[in-house]
Amino acid sequence: FASNSFLLRRAREALLKGQGTFKKATIEALKNAADKGDKVAIGIFTEMSKNLGIGLKNVVNLFNPEAIILSGECMKAYPFFSRTLKKEIQKHSFPEEAEELQVLPSEVGDDGWLIGPATLALNPIFELPIYRGPRRG
């Protein structure tokens, strides 16, 4: 309900109904149509952002983070749904926690999700021997 596949499914449904000015069911086509004021494309992004906001309110209420960083291909269209997303989080979250929360698009691009696991895998390689425990075996 708040993913790239949701956007693509809604875009395909709109195409089958002859709605919207986009010709393909891709996030790039949806974004380009939204850039040109296509109400169907903007509506699809708005629907996704409401769903995402409802999901993220759980994170806010449980963990009270200072920021939530979002990534993925749909972040190219972040300006079309950021306001709705923030409103939805504030509407469903504890007021104080939601007021100071920052929701930001990732600055590392579509492959940002790889950085964390890669860092965990490579960290032992670059660790100084002085910080390692005693050798076993």
# chains A, B, ... in the order shown; residues from 1 in each chain; ligands from 1
$ select_by_dssp --residues "chain A" --states "helix (DSSP H, G or I)" --output "JSON, numbers by chain"
{"A": [4, 5, 6, 7, 8, 9, 10, 11, 12, 13, 14, 15, 16, 27, 28, 29, 30, 31, 32, 33, 34, 35, 39, 40, 41, 42, 43, 44, 45, 46, 47, 48, 49, 50, 51, 52, 53, 54, 55, 56, 57, 58, 59, 60, 61, 62, 63, 73, 74, 75, 76, 77, 78, 79, 80, 81, 82, 83, 84, 85, 86, 87, 88, 89, 90, 91, 92, 95, 96, 97, 98, 99, 100, 112, 113, 114, 115, 116, 117, 118, 119, 120, 121, 122, 123, 124, 125, 126, 129, 130, 131]}
$ residues_around --residues "A:Leu56" --least-positions-apart "2" --cutoff "12 Å" --atoms "only C-alpha atoms" --output "PyMOL selection string"
chain A and resi 2+49-54+58-65+67-70+85-93+98+101-103
$ write_last_selection --atoms "C-alpha atoms" --output "PDB file, in the first residue's frame"
ATOM      1  CA  ALA A   2       3.023   2.275   0.230  1.00  0.00           C
ATOM      2  CA  SER A  49       1.585   8.927   0.730  1.00  0.00           C
ATOM      3  CA  LYS A  50      -1.514   8.593   2.923  1.00  0.00           C
ATOM      4  CA  ASN A  51      -0.894   4.864   3.242  1.00  0.00           C
ATOM      5  CA  LEU A  52       2.786   5.439   4.008  1.00  0.00           C
ATOM      6  CA  GLY A  53       1.910   8.091   6.591  1.00  0.00           C
ATOM      7  CA  ILE A  54      -0.395   5.707   8.434  1.00  0.00           C
ATOM      8  CA  ASN A  58       3.573   3.533  14.177  1.00  0.00           C
ATOM      9  CA  VAL A  59       7.316   4.129  13.930  1.00  0.00           C
ATOM     10  CA  VAL A  60       6.877   7.647  15.313  1.00  0.00           C
ATOM     11  CA  ASN A  61       4.671   6.550  18.198  1.00  0.00           C
ATOM     12  CA  LEU A  62       6.886   3.605  19.168  1.00  0.00           C
ATOM     13  CA  PHE A  63      10.390   4.978  18.676  1.00  0.00           C
ATOM     14  CA  ASN A  64      10.042   8.771  18.570  1.00  0.00           C
ATOM     15  CA  PRO A  65      12.805   9.211  15.958  1.00  0.00           C
ATOM     16  CA  ALA A  67      14.082  11.785  11.412  1.00  0.00           C
ATOM     17  CA  ILE A  68      12.849   9.146   8.998  1.00  0.00           C
ATOM     18  CA  ILE A  69      14.856   8.725   5.809  1.00  0.00           C
ATOM     19  CA  LEU A  70      12.965   7.270   2.849  1.00  0.00           C
ATOM     20  CA  LEU A  85       2.787  12.332   3.998  1.00  0.00           C
ATOM     21  CA  LYS A  86       3.754  14.743   6.772  1.00  0.00           C
ATOM     22  CA  LYS A  87       0.121  15.721   7.387  1.00  0.00           C
ATOM     23  CA  GLU A  88      -0.897  12.076   7.617  1.00  0.00           C
ATOM     24  CA  ILE A  89       1.877  11.270  10.107  1.00  0.00           C
ATOM     25  CA  GLN A  90       0.938  14.274  12.247  1.00  0.00           C
ATOM     26  CA  LYS A  91      -2.751  13.406  12.126  1.00  0.00           C
ATOM     27  CA  HIS A  92      -2.173   9.877  13.478  1.00  0.00           C
ATOM     28  CA  SER A  93       0.839  10.365  15.789  1.00  0.00           C
ATOM     29  CA  ALA A  98       5.241  14.324  15.150  1.00  0.00           C
ATOM     30  CA  LEU A 101       9.953  14.809  13.177  1.00  0.00           C
ATOM     31  CA  GLN A 102      11.776  15.292   9.885  1.00  0.00           C
ATOM     32  CA  VAL A 103      10.825  13.069   6.946  1.00  0.00           C
TER      33      VAL A 103
END
$ residues_around --residues "A:Leu15" --least-positions-apart "4" --cutoff "12 Å" --atoms "only C-alpha atoms" --output "ChimeraX atom specification"
/A:8-11,19-26,29-30,40-41
$ residues_around --residues "A:Gly109" --least-positions-apart "2" --cutoff "10 Å" --atoms "only C-alpha atoms" --output "list of chain:residue names"
A:Ser71, A:Gly72, A:Glu73, A:Met75, A:Lys76, A:Pro105, A:Ser106, A:Glu107, A:Asp111, A:Gly112, A:Trp113
$ atom_distance --atom1 "atom CA of A:Lys31" --atom2 "atom CA of A:Thr84"
16.0 Å
$ select_by_dssp --residues "chain A" --states "strand (DSSP E or B)" --output "PyMOL selection string"
chain A and resi 67-70+102-105
$ closest_residue --among "A:Ser3, A:Ile42, A:Glu66, A:Glu28" --to "A:Glu99" --atoms "only C-alpha atoms"
A:Glu66
$ residues_around --residues "A:Gly43" --least-positions-apart "3" --cutoff "10 Å" --atoms "only C-alpha atoms" --output "ChimeraX atom specification"
/A:10,34,38-40,46-49,80-81
$ atom_distance --atom1 "atom CA of A:Leu16" --atom2 "atom CA of A:Ile44"
14.5 Å
$ decode --residues "stretch 56-70 of chain A" --atoms "all heavy atoms" --output "short mmCIF file (atom, residue, chain, number, x, y, z; two decimals), in the first residue's frame"
data_model
loop_
_atom_site.label_atom_id
_atom_site.label_comp_id
_atom_site.auth_asym_id
_atom_site.auth_seq_id
_atom_site.Cartn_x
_atom_site.Cartn_y
_atom_site.Cartn_z
N LEU A 56 3.94 4.90 8.91
CA LEU A 56 5.04 5.55 9.62
C LEU A 56 4.63 6.10 10.97
O LEU A 56 5.48 6.26 11.86
CB LEU A 56 5.64 6.66 8.75
CG LEU A 56 6.45 6.19 7.55
CD1 LEU A 56 6.95 7.39 6.74
CD2 LEU A 56 7.61 5.31 7.97
N LYS A 57 3.36 6.37 11.17
CA LYS A 57 2.92 6.87 12.48
C LYS A 57 3.22 5.84 13.56
O LYS A 57 3.50 6.20 14.69
CB LYS A 57 1.46 7.28 12.47
CG LYS A 57 0.46 6.17 12.22
CD LYS A 57 -0.11 5.60 13.48
CE LYS A 57 -1.17 4.56 13.09
NZ LYS A 57 -1.57 3.73 14.17
N ASN A 58 3.21 4.57 13.20
CA ASN A 58 3.57 3.53 14.18
C ASN A 58 5.03 3.66 14.59
O ASN A 58 5.37 3.51 15.76
CB ASN A 58 3.30 2.14 13.61
CG ASN A 58 1.83 1.88 13.41
OD1 ASN A 58 1.01 2.24 14.24
ND2 ASN A 58 1.49 1.28 12.28
N VAL A 59 5.90 3.93 13.64
CA VAL A 59 7.32 4.13 13.93
C VAL A 59 7.48 5.34 14.85
O VAL A 59 8.22 5.30 15.83
CB VAL A 59 8.13 4.31 12.63
CG1 VAL A 59 9.57 4.68 12.92
CG2 VAL A 59 8.07 3.05 11.77
N VAL A 60 6.79 6.41 14.53
CA VAL A 60 6.88 7.65 15.31
C VAL A 60 6.38 7.42 16.74
O VAL A 60 7.03 7.80 17.71
CB VAL A 60 6.09 8.79 14.63
CG1 VAL A 60 6.04 10.03 15.51
CG2 VAL A 60 6.71 9.12 13.28
N ASN A 61 5.25 6.76 16.87
CA ASN A 61 4.67 6.55 18.20
C ASN A 61 5.48 5.57 19.05
O ASN A 61 5.53 5.71 20.26
CB ASN A 61 3.23 6.07 18.09
CG ASN A 61 2.30 7.16 17.61
OD1 ASN A 61 2.61 8.35 17.71
ND2 ASN A 61 1.16 6.77 17.08
N LEU A 62 6.11 4.60 18.41
CA LEU A 62 6.89 3.60 19.17
C LEU A 62 8.30 4.07 19.50
O LEU A 62 8.80 3.83 20.59
CB LEU A 62 6.95 2.29 18.39
CG LEU A 62 5.68 1.46 18.37
CD1 LEU A 62 5.82 0.29 17.40
CD2 LEU A 62 5.34 0.95 19.76
N PHE A 63 8.97 4.70 18.52
CA PHE A 63 10.39 4.98 18.68
C PHE A 63 10.74 6.46 18.82
O PHE A 63 11.86 6.79 19.18
CB PHE A 63 11.17 4.39 17.50
CG PHE A 63 11.03 2.90 17.39
CD1 PHE A 63 10.31 2.33 16.36
CD2 PHE A 63 11.62 2.07 18.33
CE1 PHE A 63 10.17 0.96 16.26
CE2 PHE A 63 11.49 0.70 18.24
CZ PHE A 63 10.76 0.14 17.20
N ASN A 64 9.81 7.33 18.49
CA ASN A 64 10.04 8.77 18.57
C ASN A 64 11.36 9.18 17.90
O ASN A 64 12.23 9.80 18.53
CB ASN A 64 10.01 9.24 20.04
CG ASN A 64 10.04 10.74 20.16
OD1 ASN A 64 9.74 11.46 19.22
ND2 ASN A 64 10.44 11.22 21.32
N PRO A 65 11.55 8.84 16.62
CA PRO A 65 12.80 9.21 15.96
C PRO A 65 12.85 10.71 15.66
O PRO A 65 11.82 11.38 15.59
CB PRO A 65 12.75 8.41 14.65
CG PRO A 65 11.28 8.31 14.36
CD PRO A 65 10.62 8.18 15.71
N GLU A 66 14.07 11.22 15.51
CA GLU A 66 14.23 12.61 15.11
C GLU A 66 13.96 12.78 13.62
O GLU A 66 13.52 13.83 13.18
CB GLU A 66 15.64 13.10 15.42
CG GLU A 66 15.91 13.23 16.90
CD GLU A 66 17.32 13.72 17.18
OE1 GLU A 66 17.91 14.39 16.30
OE2 GLU A 66 17.82 13.44 18.27
N ALA A 67 14.27 11.73 12.87
CA ALA A 67 14.08 11.78 11.41
C ALA A 67 13.78 10.39 10.87
O ALA A 67 14.18 9.39 11.46
CB ALA A 67 15.33 12.34 10.73
N ILE A 68 13.08 10.37 9.76
CA ILE A 68 12.85 9.15 9.00
C ILE A 68 13.37 9.43 7.60
O ILE A 68 12.98 10.42 6.97
CB ILE A 68 11.36 8.76 8.96
CG1 ILE A 68 10.86 8.44 10.37
CG2 ILE A 68 11.13 7.60 8.01
CD1 ILE A 68 9.38 8.15 10.46
N ILE A 69 14.27 8.57 7.14
CA ILE A 69 14.86 8.73 5.81
C ILE A 69 14.22 7.69 4.89
O ILE A 69 14.25 6.49 5.18
CB ILE A 69 16.39 8.51 5.85
CG1 ILE A 69 17.05 9.34 6.95
CG2 ILE A 69 16.99 8.78 4.48
CD1 ILE A 69 16.89 10.82 6.82
N LEU A 70 13.64 8.15 3.81
CA LEU A 70 12.97 7.27 2.85
C LEU A 70 13.80 7.14 1.58
O LEU A 70 14.43 8.10 1.16
CB LEU A 70 11.59 7.85 2.50
CG LEU A 70 10.64 8.07 3.67
CD1 LEU A 70 9.40 8.81 3.21
CD2 LEU A 70 10.27 6.74 4.31
#
